[in-house]
Every structure is written in C-alpha cells, then in structure tokens.
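Engineer: Submitted below is the structure of interest, expressed as structure tokens.
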2 protein chains.
Amino acid sequence: MQFIKDYIETHKDRFMNELFGLLRIPSISSLSENKPDMQRAAEYWRDAILAAGADKAEIFQTSGNPITYGEKIIDPSLPTVLVYAHMDVMPVDPIDLWKTPPFEPVIKDGKIWGRGADDDKGQGYMHAKAFELLLKSGKLPVNVKFMIEGEEEIGSPNMGAWCEQYKDMLKADIILVSDTSMIASDIPSITVGLRGLAYLEVEVTGPNRDLHSGLFGGAVANPINVLSKMIASLHNDQNQITIPGFYDDVQLVSKEEREAMAQAPFNLDNYKKALNIDTVWGEEGYTTIERTGIRPTLDVCGIWGGYTGEGAKTVLPSKAYAKISMRLVPNQDYRVISKLFEDHFKKIAPPYVQVKVTDLHGGQGYVAPIEMPAYKAAEKAYLQIYGKKPIPTRSGGSIPIISTFEQVLGTKTLLMGFGLESDAIHSPNENYPVDHFYRGIETICHFYLEYAKEMSKK
Amino acid sequence: MQFIKDYIETHKDRFMNELFGLLRIPSISSLSENKPDMQRAAEYWRDAILAAGADKAEIFQTSGNPITYGEKIIDPSLPTVLVYAHMDVMPVDPIDLWKTPPFEPVIKDGKIWGRGADDDKGQGYMHAKAFELLLKSGKLPVNVKFMIEGEEEIGSPNMGAWCEQYKDMLKADIILVSDTSMIASDIPSITVGLRGLAYLEVEVTGPNRDLHSGLFGGAVANPINVLSKMIASLHNDQNQITIPGFYDDVQLVSKEEREAMAQAPFNLDNYKKALNIDTVWGEEGYTTIERTGIRPTLDVCGIWGGYTGEGAKTVLPSKAYAKISMRLVPNQDYRVISKLFEDHFKKIAPPYVQVKVTDLHGGQGYVAPIEMPAYKAAEKAYLQIYGKKPIPTRSGGSIPIISTFEQVLGTKTLLMGFGLESDAIHSPNENYPVDHFYRGIETICHFYLEYAKEMSKK
C-alpha cells in the first residue's frame, strides 16, 4: 500500500502543524473558565473534518460543552464506521512539574509534548488524517461519521442523551475509537475490556469553625484524623475493599483466561523502575496486570483540609475533603456501587463528625468480542504495519461512554489505541511519540480497507 | 482608683483608634510576602511605646522578623516588669469565611473584629495603654520594659538567641504577658500551665509522577491512601497516641489536682453547642478539660495531595502531605518527641512509599507557681475589678517562648490573659470584646500597683 506511505510522507509536516493547532487550545472540560476554549476546539474539529473532505460537519450545542459531528456518505449500501474522539483534556496541575508549557506543544526526543498530545487530541486527530488520506486518494471504501465530544474527561454527562436524540444520524456498523494504549511501540494490542468508574467526593465536618489546635486539640474530633481513619478502613489487610457488597457482582475470570492474560509481555522490574518504586501494591492473590484488568479498585484521587500553606499554622480544621474513585469491572453497576459507597461511608462515620457524600460521575465497564469483523480487520491492519498480530488486553482505565454507546446506539466499539503507558496522560509532561502518530494514521487506513473486505464476506 | 477609670474614659476613643492602626497592618509572620508589614508593625510598636512615655524604644533586626524593645526606668532599685507581646498574626485563610475583611477592623455587637483583635494585638496593646496611663498619671510604681516580637506564630525561632544576647538589658523580676484566655467575661482566670508543641510536616511519595488512576489504580500504592492509613494508626482505640515512648515523660497529675481542676466551671452541653458537635472526642479516662490541660495530643493541622480542584480528575498522585502538631505537657521535651515521631513515622512507612519528615517548629511546656508575688498581685488586681479571685488553669495552647524565657533569662512569667474561647483566634472572624480591652487595661494598672506592694514586702 505504497500510496498510504507516500501521502503521509508528502503531508507529514502539515498533519503535525494541524495537530499543534488543536493542542494549543486549552480545552479543559472540568474548569468553567475554559468554557470558551471548548467552543474553539469544536470549531477546530468541524473545520478539520470539512477540510478533509466530509459532506458536512456541524457543531451541536448541549447543556454542557458542544459536540462536533461530520460525515461522508460514499454509498448508503456500504458499511459505516462511526469515529468517536474527544476534544477535551484534563486539568494541568501541578503546573510547576511541566517541563514545557502544557498548551505550547513542542517536539523533543521524538515525542510530541503537551496536554492532550496523546489523550485524546493526538490519537483522535489521526482519524481526521486517515480519513482525508483515503478520501483524497479515492480509496475510502466505507461511509465515515465523526462524533467528537467535549466532556469525556468529566464523564460525558450529555453524550448519552445526544446519542439518543440523534440515533438515526449516528447509525453505523462499528464505532472506532483511539483513546487507549498499546503494550509497547513494537507490541500492538487492542483493548477488549474497560473498567467502569464511580467517582465521589466526601466532606467530613467536625466543629463548626476552624479551632486553635492547642485549645481544642485532643478534646474535639479532628476531621482530618477522622477522614484518614475512614479512608484507611476502606481496605483490609489483604488490600481488598471493605464496602459490604462491593464484590457481589464482580465477574470472576476463568483460570484459562487468567493464564492467557499472563502471556502478555510484562516485566515487573521495568514497571517498578519506570515508576521509581521498590514494591508494587495490590489485592492479594492477583498479579499486577490482573489488579488493573479484572479486579475493581478504590483510590483517593485528592485530599485536602486545614492549613496547607507555607510554614506552620496550628489549627484544628472544621472540614476535610477527599475525592474517591472506584474502578469497576464488567457486571458491576456504577450506580449500585456509588450507592453502596455512600451508605457505607455514612455508616462508618463516628458520631463526632457529619459526613456529606456527593456523586461526581460514573460509567459502566465494557467488553468487546474478538470475533467481530472489525476486530478481525484490525488484526490484519496491525499485522501489516507492525509485523505481528495485536494482543487483546483489558485496560484498567474507563471510557464510560463506550458502554453507553452500546446501550443507546446498539453498536459495538473497536478500541484501536496507539498510546503508551509512558505517555503520562492525565499527568504533567503528557507526550505522544511522533512515529505513533504517523503509524497510527497508516494502521487506521489499513483498517478501513480490511474492514470493507471483512464486511463484504458477510 | 478613680484616676484609672477617669483616664480610660477620657482617652478611650484614642486608645481604640491606635489599636485599629495596628490591626490594619497584615503582619502575617508565616508568609514571606508579608515581610515588609513586619517592619511596619515593629515601627508602630516603637512609636506607641515612645508616645506612651518610655525613655527609649528601638527596633532590633534579627535574621527573621524585627523585635521592638523599649523601657522606662523610674529607679534602678525598684522592681522591674518586662512586658512581652507579639506583633505578628496567623494567616487568614480560609479567607471566604470572614464576614468582614481581616485587616479592616470594625466594632460590631460589642466586639472588635479582625485578625489579631485578640491574639495578640488587642491583648498586647492593653499593656502600652496601661503603661501610658500610670506614667502620665505619675503613678507608675515600678520599672517597665517592653519586648514585642514578630515571630511568635511561627515558633519564635530568633527570640531565644536575642534574649541570650541582651540578657542584661532584659533583666527583670517578672515577665508579664497577655496572650491567653480567661474562662468567661465574669470568671477571670490565670493560666499557670502551657502545653509544649512539636510541629512536623510529612511527605509520602509513591510513584515518581502522577498516574492515571484507571491504568495504575489497584496495582501501585496510592500515597494518599497510605498516608491516611499511617495517620489513622497514630491513635489506638482508646484515642491514645501510639508512638512508642510518647507518654514516657508525661508528668502525671495527682488525684487532688484533678479534683481541683474539676471545680472550674465548665458546661459540656454549651461547649458542644458552641462548636455544633454531637459528641466530644478524646483520650479515654480523661475529661474534656483534662484532655487539653494535662494530656498530650496529636492533630493533623493540614493535609493535601492529588487533585483538589473543581470536578473529577482521575489521578493516582505521586505525593501526599500532612502537617502534624503534637501538644505536649510539662516534662515532655519537644525535641525528644519530634525525634520519636520522625523515627516512628518512618518505621511504619510501608515498603511501597518513601517518607520525608521535616521539623517545622517546637517549644517546651511551662508551669508557673501560684505562690510568686506577681501571681498574688494579679489575684488582688482581678479581685478589685471583677469582684472575684481568678481561677488558676492549665491551657492546652502553647507559647513556646515562655519556657525559653525561663531558661535563658531565669525569669518567671505571669500570664494575665483576657481573651475568650469565642474570640476565634487562628480562625476566620477573630474578635475581642471591647469591654475586655478596657477592663484589661484597668486590671493591668491595678496589677502594677499591687505588684509594687507585694515586692516591697519581701
């Protein structure tokens, strides 16, 4: 397929410049101050899809951030691929740990550096360019639709309703998404399982105002000490989660499947070295891969309370807060888990504090069958570019909207992720290897060609 | 003593205006940005002491904030009172909880509102005015020296060395301080015991960067969860502190003394109502008053880590922090306790994190004998103004410098505190009742007159 390589070679600088334009927009969906940037990002995507040759592209307003939709219908009788990506990014703090400004992308050491370089601007934009390449080369073998949303990082609160409303317009045979990672640059993999997510904020109130820790310390419960104790009690000595009923719906994975998973290349020493830790941690009886792939987990994503500034202030604070996320496995319902958490957290609150629990967001897990035509097409595409078949993996991450798509649109999703674990998504110094960007475009082009063949067999 | 009442009545508005001028200076010692304000506060005090009639007043620079010193030597053969106060104040966050701006003092509902209104500008400035009153009335019966420091709220790091250097200049028979509270507006009390303080900051590091909580959560130890567990383990089920050796040097208080303490008026229902809590908390086997008076305690004054902004960010943070203070009782050495804490905290750190402990500040506890002439003089002064003898109490708070004074200068301190528990020192909406300010001046004047009599008996 020399025409694919040639097209990329000819247009590679323009492709990168276009991506940089998108990366420069600080489209942080969780911060209200960045609201105007969401509109700019939506317009950037609309213009990109139109420039690539779509029949139409437009922006849909929601009660939250806008969604950009575009399509190219070659022939209504041909299969249709619906590409999903998100234009929004995570916040950038702690900002002082970034080596280069998060919204001023640069290329260094063979990588694109900047917030969204991987998640999901870098990965998403490959689809705009693969689409352009096939279309302008007169080789696009299927219909293509794009839906690019602006609230993925805050749990897609409006996407489900929007899909419901535009069900007909979004009709497709497969949803194609690049928002996950692969095992290594030379070991392609396809994510066939995603964890669900329940995310809550807790507020523990002790006395009605901040107190002098000398005059009251030891006689009035300190909400930070209490919150610490409550958090500590959420795991037992085997590092299992202690919320009653938490594991009730967990799909147990067979011995055979666990053995197959263990075949995926994984080097614990390298893993520890990359994170600079002496020891891993996790639920007893499971490997590191299993702990993030097939088991639910609970993490405190943020905690704050009392005096956190410079120097020493002696205070017994009135309130302490934590943001707590639980990653769920298939069959666990995030609404059930959120409720279990809330009930349990209130129940374990001692009488000297008051507890408030706020549900911030959630989503269901997802499993994709490896027998579907799209998976087989992807397998062939990767084989041609990487010289090897992709390994089906289960990711610890969550893309809650993927299970919503299945529920609302009745369409399965193929997760062709080209990210790497070292891309530092959600962290300072997010990056994405330059060659992953171009090889991703190439692989996606091959996917389209193979997918048309697979579908014609049916 | 009608001349005292008359003088206060004549000059009351000027007294208050002068105090307001001091309160308007944001002299927060723990924030480097307020450094220039410390100099302004020192100059304000210098000018106030001179205007009151001192022979001299000058500012001493230290490697930290300045100290203002002034003196009036009536006759070298007379007793000398050394007044100590501090010009610095606590930070003001959470700023949004203040009903009026912290550095724009106002009088409302019979109280002065603003940071430092009580601690220690309101209380400290009474001494400048009592001194002026007696001196200008030709009735000052003793020599008076003033030392006003600017680092009390950060543990007086330079005061000890300064006292050492100016030992001769600071020679006195008693140190007089108003920086504590009384039981109620109509129940005067004198603090005869202060707790010591050990204040440390801990940093718990897990992975070398913030991680995606989905991709790594459950497989890599989360430093917030770990820190919570470590903090939780610092108290046992009887709410005793679990650091080995922590209680070894605690001076046990006799049954008789505990019975005497129990005589102090204290209403647990009112206490709980004032703080809006259902239940008090504390070490088993001790009353609320004993828990802050005669027992050492441990409180987390601040905690932070991970994402603490708006909305939901799914992150497994690299680091978590806490500021931890321990209030100590007489005979516990803060250096010993800080070391015990550090050793223990490092020892309980699990292998999957690294722990750093930083000593932020500390000070020894203090006990004053009620047999000394100054205490007897104070007793008489209170009796004249309040119609009842003051109750000797032990405060849970710490003024670490008080024990340093005894060690370095060999001088005992009398703590004539006029604050109330409801003054919200160190908290938003700090306040100080207007009549406490004026009655405090009156009581201090009487103290001087009685003290001269007591000393002449010797």
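Chain labels run A, B, ... following the order of the structure tokens; each chain numbers its residues from 1, and ligands are numbered from 1 in the order shown.
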I want to know what sits within 6 Å of stretch 205-218 of chain B, based on only C-alpha atoms, with residues of the same chain fewer than 6 positions away left out; could you give that as a PyMOL selection string?

Structural biologist: (chain A and resi 275-277+282+291+297+396-397+426-427) or (chain B and resi 314-319+353-354)

Engineer: What's around stretch 440-452 of chain B at 10 Å? Count only C-alpha atoms, leave out sequence neighbours fewer than 5 positions away in its own chain, and write the answer as a PyMOL selection string.

Structural biologist: chain B and resi 1+4-5+7-8+78-81+122-123+125-134+139-144+174+176+178+373-386+416-419+434-435+457

Engineer: Keeping only C-alpha atoms, write the selected residues to a file as a PDB file, in the first residue's frame.

Structural biologist:
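Wrote again.pdb, looks like this:
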```pdb
ATOM      1  CA  MET B   1      -8.779  54.002  91.989  1.00  0.00           C
ATOM      2  CA  ILE B   4      -7.626  54.876  86.355  1.00  0.00           C
ATOM      3  CA  LYS B   5     -11.280  54.808  85.369  1.00  0.00           C
ATOM      4  CA  TYR B   7      -8.145  58.313  82.359  1.00  0.00           C
ATOM      5  CA  ILE B   8      -9.608  55.398  80.375  1.00  0.00           C
ATOM      6  CA  LEU B  78      12.664  49.368  92.156  1.00  0.00           C
ATOM      7  CA  PRO B  79      11.313  46.059  90.795  1.00  0.00           C
ATOM      8  CA  THR B  80      11.165  45.692  87.029  1.00  0.00           C
ATOM      9  CA  VAL B  81       8.299  44.263  84.957  1.00  0.00           C
ATOM     10  CA  GLY B 122      -5.664  43.560  71.131  1.00  0.00           C
ATOM     11  CA  GLN B 123      -4.250  41.929  74.237  1.00  0.00           C
ATOM     12  CA  TYR B 125      -1.753  46.813  73.131  1.00  0.00           C
ATOM     13  CA  MET B 126      -3.549  46.990  76.502  1.00  0.00           C
ATOM     14  CA  HIS B 127      -0.072  46.988  78.033  1.00  0.00           C
ATOM     15  CA  ALA B 128       1.051  50.014  76.053  1.00  0.00           C
ATOM     16  CA  LYS B 129      -2.000  51.887  77.319  1.00  0.00           C
ATOM     17  CA  ALA B 130      -1.824  50.712  80.948  1.00  0.00           C
ATOM     18  CA  PHE B 131       1.817  51.841  80.954  1.00  0.00           C
ATOM     19  CA  GLU B 132       0.877  55.230  79.487  1.00  0.00           C
ATOM     20  CA  LEU B 133      -1.946  55.650  82.000  1.00  0.00           C
ATOM     21  CA  LEU B 134       0.166  55.084  85.101  1.00  0.00           C
ATOM     22  CA  LYS B 139       1.699  56.657  89.451  1.00  0.00           C
ATOM     23  CA  LEU B 140       3.976  54.111  87.781  1.00  0.00           C
ATOM     24  CA  PRO B 141       5.470  52.309  90.785  1.00  0.00           C
ATOM     25  CA  VAL B 142       7.979  50.017  89.013  1.00  0.00           C
ATOM     26  CA  ASN B 143      10.337  49.992  86.055  1.00  0.00           C
ATOM     27  CA  VAL B 144       8.825  48.698  82.842  1.00  0.00           C
ATOM     28  CA  ILE B 174       8.733  39.152  86.325  1.00  0.00           C
ATOM     29  CA  LEU B 176       4.092  39.933  82.087  1.00  0.00           C
ATOM     30  CA  SER B 178      -1.448  38.833  77.915  1.00  0.00           C
ATOM     31  CA  PRO B 373       4.469  37.697  94.295  1.00  0.00           C
ATOM     32  CA  ALA B 374       3.319  38.505  90.774  1.00  0.00           C
ATOM     33  CA  TYR B 375       0.588  35.859  90.955  1.00  0.00           C
ATOM     34  CA  LYS B 376      -0.596  37.208  94.323  1.00  0.00           C
ATOM     35  CA  ALA B 377      -0.612  40.766  92.958  1.00  0.00           C
ATOM     36  CA  ALA B 378      -2.640  39.650  89.972  1.00  0.00           C
ATOM     37  CA  GLU B 379      -5.099  37.871  92.242  1.00  0.00           C
ATOM     38  CA  LYS B 380      -5.730  41.138  94.085  1.00  0.00           C
ATOM     39  CA  ALA B 381      -5.998  43.154  90.891  1.00  0.00           C
ATOM     40  CA  TYR B 382      -8.640  40.822  89.431  1.00  0.00           C
ATOM     41  CA  LEU B 383     -10.498  40.773  92.753  1.00  0.00           C
ATOM     42  CA  GLN B 384     -10.831  44.555  92.596  1.00  0.00           C
ATOM     43  CA  ILE B 385     -12.041  44.718  89.015  1.00  0.00           C
ATOM     44  CA  TYR B 386     -14.086  41.501  88.711  1.00  0.00           C
ATOM     45  CA  MET B 416      -2.756  37.633  82.523  1.00  0.00           C
ATOM     46  CA  GLY B 417      -4.992  36.585  79.648  1.00  0.00           C
ATOM     47  CA  PHE B 418      -8.189  38.463  78.839  1.00  0.00           C
ATOM     48  CA  GLY B 419      -9.261  36.509  75.738  1.00  0.00           C
ATOM     49  CA  VAL B 434     -14.476  45.869  73.549  1.00  0.00           C
ATOM     50  CA  ASP B 435     -15.004  45.803  77.306  1.00  0.00           C
ATOM     51  CA  LYS B 457       7.068  43.107 101.485  1.00  0.00           C
TER      52      LYS B 457
END
```

Engineer: In Å, rounded to a single decimal, give me how far atom CA of A:Gly309 is from atom CA of B:Ser30.

Structural biologist: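 Value for the atom CA of B:Ser30-atom CA of A:Gly309 distance: 8.9 Å.
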
Engineer: What lies within 7 Å of stretch 357-367 of chain B using only C-alpha atoms, ignoring chain neighbours under 4 positions off, as a list in words?

Structural biologist: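 In the requested format, the answer is Gly311 and Ala312 of chain A; Gly155, Val192, Gly193, Leu194, Arg195, Gly196, Leu197, Ala198, Tyr199, Leu200, Glu201, Val202, Glu203, Leu328, Val329, Pro330, Asp333, Tyr334, Glu342, Ser398, Pro400, Ile401, Ile402 and Ser403 of chain B.
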
Engineer: Export, as an mmCIF file, in the first residue's frame, the selected residues with N, CA and C atoms.

Structural biologist:
```cif
data_model
loop_
_atom_site.group_PDB
_atom_site.id
_atom_site.type_symbol
_atom_site.label_atom_id
_atom_site.label_comp_id
_atom_site.auth_asym_id
_atom_site.auth_seq_id
_atom_site.Cartn_x
_atom_site.Cartn_y
_atom_site.Cartn_z
ATOM 1 N N GLY A 311 4.853 27.112 55.957
ATOM 2 C CA GLY A 311 5.064 27.223 57.400
ATOM 3 C C GLY A 311 4.086 26.434 58.249
ATOM 4 N N ALA A 312 4.000 26.831 59.518
ATOM 5 C CA ALA A 312 3.252 26.036 60.492
ATOM 6 C C ALA A 312 2.091 26.828 61.053
ATOM 7 N N GLY B 155 6.775 30.090 66.014
ATOM 8 C CA GLY B 155 7.620 29.373 66.968
ATOM 9 C C GLY B 155 8.816 30.154 67.472
ATOM 10 N N VAL B 192 -1.702 28.944 84.451
ATOM 11 C CA VAL B 192 -0.471 28.606 85.177
ATOM 12 C C VAL B 192 0.276 27.455 84.517
ATOM 13 N N GLY B 193 -0.327 26.884 83.457
ATOM 14 C CA GLY B 193 0.368 25.820 82.735
ATOM 15 C C GLY B 193 0.116 25.967 81.245
ATOM 16 N N LEU B 194 1.136 25.720 80.443
ATOM 17 C CA LEU B 194 1.012 25.783 78.982
ATOM 18 C C LEU B 194 1.550 24.480 78.418
ATOM 19 N N ARG B 195 0.953 24.051 77.314
ATOM 20 C CA ARG B 195 1.489 22.836 76.694
ATOM 21 C C ARG B 195 2.650 23.181 75.770
ATOM 22 N N GLY B 196 3.540 22.252 75.622
ATOM 23 C CA GLY B 196 4.613 22.401 74.651
ATOM 24 C C GLY B 196 4.098 22.008 73.271
ATOM 25 N N LEU B 197 4.940 22.175 72.264
ATOM 26 C CA LEU B 197 4.491 21.914 70.901
ATOM 27 C C LEU B 197 5.601 21.304 70.060
ATOM 28 N N ALA B 198 5.244 20.266 69.325
ATOM 29 C CA ALA B 198 6.140 19.728 68.292
ATOM 30 C C ALA B 198 5.334 19.733 67.004
ATOM 31 N N TYR B 199 5.872 20.363 65.967
ATOM 32 C CA TYR B 199 5.103 20.543 64.717
ATOM 33 C C TYR B 199 5.959 20.067 63.553
ATOM 34 N N LEU B 200 5.450 19.081 62.825
ATOM 35 C CA LEU B 200 6.231 18.500 61.731
ATOM 36 C C LEU B 200 5.409 18.412 60.457
ATOM 37 N N GLU B 201 6.105 18.353 59.342
ATOM 38 C CA GLU B 201 5.427 18.127 58.062
ATOM 39 C C GLU B 201 5.918 16.804 57.500
ATOM 40 N N VAL B 202 4.984 16.008 56.986
ATOM 41 C CA VAL B 202 5.378 14.728 56.400
ATOM 42 C C VAL B 202 5.030 14.719 54.908
ATOM 43 N N GLU B 203 5.857 14.057 54.157
ATOM 44 C CA GLU B 203 5.653 13.926 52.709
ATOM 45 C C GLU B 203 5.758 12.446 52.379
ATOM 46 N N LEU B 328 2.275 19.137 73.966
ATOM 47 C CA LEU B 328 2.990 18.375 74.988
ATOM 48 C C LEU B 328 2.744 18.959 76.374
ATOM 49 N N VAL B 329 2.873 18.126 77.376
ATOM 50 C CA VAL B 329 2.659 18.608 78.737
ATOM 51 C C VAL B 329 4.010 18.765 79.432
ATOM 52 N N PRO B 330 4.029 19.475 80.587
ATOM 53 C CA PRO B 330 5.303 19.687 81.263
ATOM 54 C C PRO B 330 6.087 18.392 81.434
ATOM 55 N N ASP B 333 9.855 16.764 76.414
ATOM 56 C CA ASP B 333 10.757 17.634 75.661
ATOM 57 C C ASP B 333 10.375 17.561 74.179
ATOM 58 N N TYR B 334 10.124 18.725 73.590
ATOM 59 C CA TYR B 334 9.659 18.699 72.191
ATOM 60 C C TYR B 334 10.685 18.109 71.237
ATOM 61 N N GLU B 342 9.374 11.261 64.253
ATOM 62 C CA GLU B 342 10.065 11.033 62.984
ATOM 63 C C GLU B 342 10.473 9.561 62.835
ATOM 64 N N SER B 398 0.029 26.618 73.431
ATOM 65 C CA SER B 398 1.466 26.639 73.637
ATOM 66 C C SER B 398 1.964 28.050 73.371
ATOM 67 N N PRO B 400 5.628 28.668 73.162
ATOM 68 C CA PRO B 400 6.927 28.015 73.401
ATOM 69 C C PRO B 400 7.959 28.964 73.990
ATOM 70 N N ILE B 401 7.841 30.244 73.651
ATOM 71 C CA ILE B 401 8.873 31.174 74.090
ATOM 72 C C ILE B 401 8.877 31.353 75.607
ATOM 73 N N ILE B 402 7.746 31.076 76.259
ATOM 74 C CA ILE B 402 7.669 31.273 77.721
ATOM 75 C C ILE B 402 8.679 30.400 78.461
ATOM 76 N N SER B 403 8.813 29.153 78.014
ATOM 77 C CA SER B 403 9.797 28.309 78.699
ATOM 78 C C SER B 403 11.222 28.713 78.327
#
```

Engineer: With a distance cut-off of 8 Å and only C-alpha atoms, select the neighbouring residues of stretch 237-251 of chain A, excluding the residue or stretch itself and same-chain residues fewer than 2 positions from it, and output the selection as an MDAnalysis selection string.

Structural biologist: chainID A and resid 233:235 253 282:284 295:298 329:332 337 340:341 344

Engineer: In terms of the shortest atom-to-atom distance over only C-alpha atoms, which of B:Gln39, B:Thr180, B:Gln165, B:Thr308 is closest to chain A?

Structural biologist: B:Thr308

Engineer: Could you give me, as a VMD selection string, each residue of stretch 308-406 of chain B that DSSP assigns to strand (DSSP E or B) when run on this structure's backbone?

Structural biologist: chain B and resid 315 to 316 319 to 328 354 to 363 366 to 367 391 to 394

Engineer: In Å, how far is it from atom CA of A:Glu371 to atom CA of A:Thr292?

Structural biologist: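 One can read the atom CA of A:Glu371 to atom CA of A:Thr292 distance as 23.8 Å.
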
Engineer: Can you tell me, as a list in words, which residues in stretch 32-128 of chain A count as alpha helix (DSSP H) by DSSP?

Structural biologist: Lys35, Pro36, Asp37, Met38, Gln39, Arg40, Ala41, Ala42, Glu43, Tyr44, Trp45, Arg46, Asp47, Ala48, Ile49, Leu50, Ala51, Ala52, Lys121, Gly122, Gln123, Gly124, Tyr125, Met126, His127 and Ala128 of chain A

Engineer: Compare A:Asp269, A:Tyr69, A:Val300, A:Pro102 by their minimum atom-to-atom distance to A:Ala232, counting only C-alpha atoms, and give me the closest one.

Structural biologist: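 With only C-alpha atoms as the atom set, the closest residue is A:Val300.
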
Engineer: Could you state the separation of atom CA of A:Gly116 and atom CA of A:Asp179 in Å, given to one decimal place?

Structural biologist: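 A separation of 10.7 Å between them.
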
Engineer: Compile the contact shell of stretch 9-23 of chain B as a list of chain:residue names: residues with an atom at most 8 Å away, counting only C-alpha atoms, same-chain residues fewer than 5 positions apart removed.

Structural biologist: B:Ala41, B:Tyr44, B:Phe103, B:Glu104, B:Pro105, B:Gly114, B:Arg115, B:Gly116, B:Ala117, B:Lys121, B:Gly122, B:Tyr125, B:Lys129, B:Tyr438
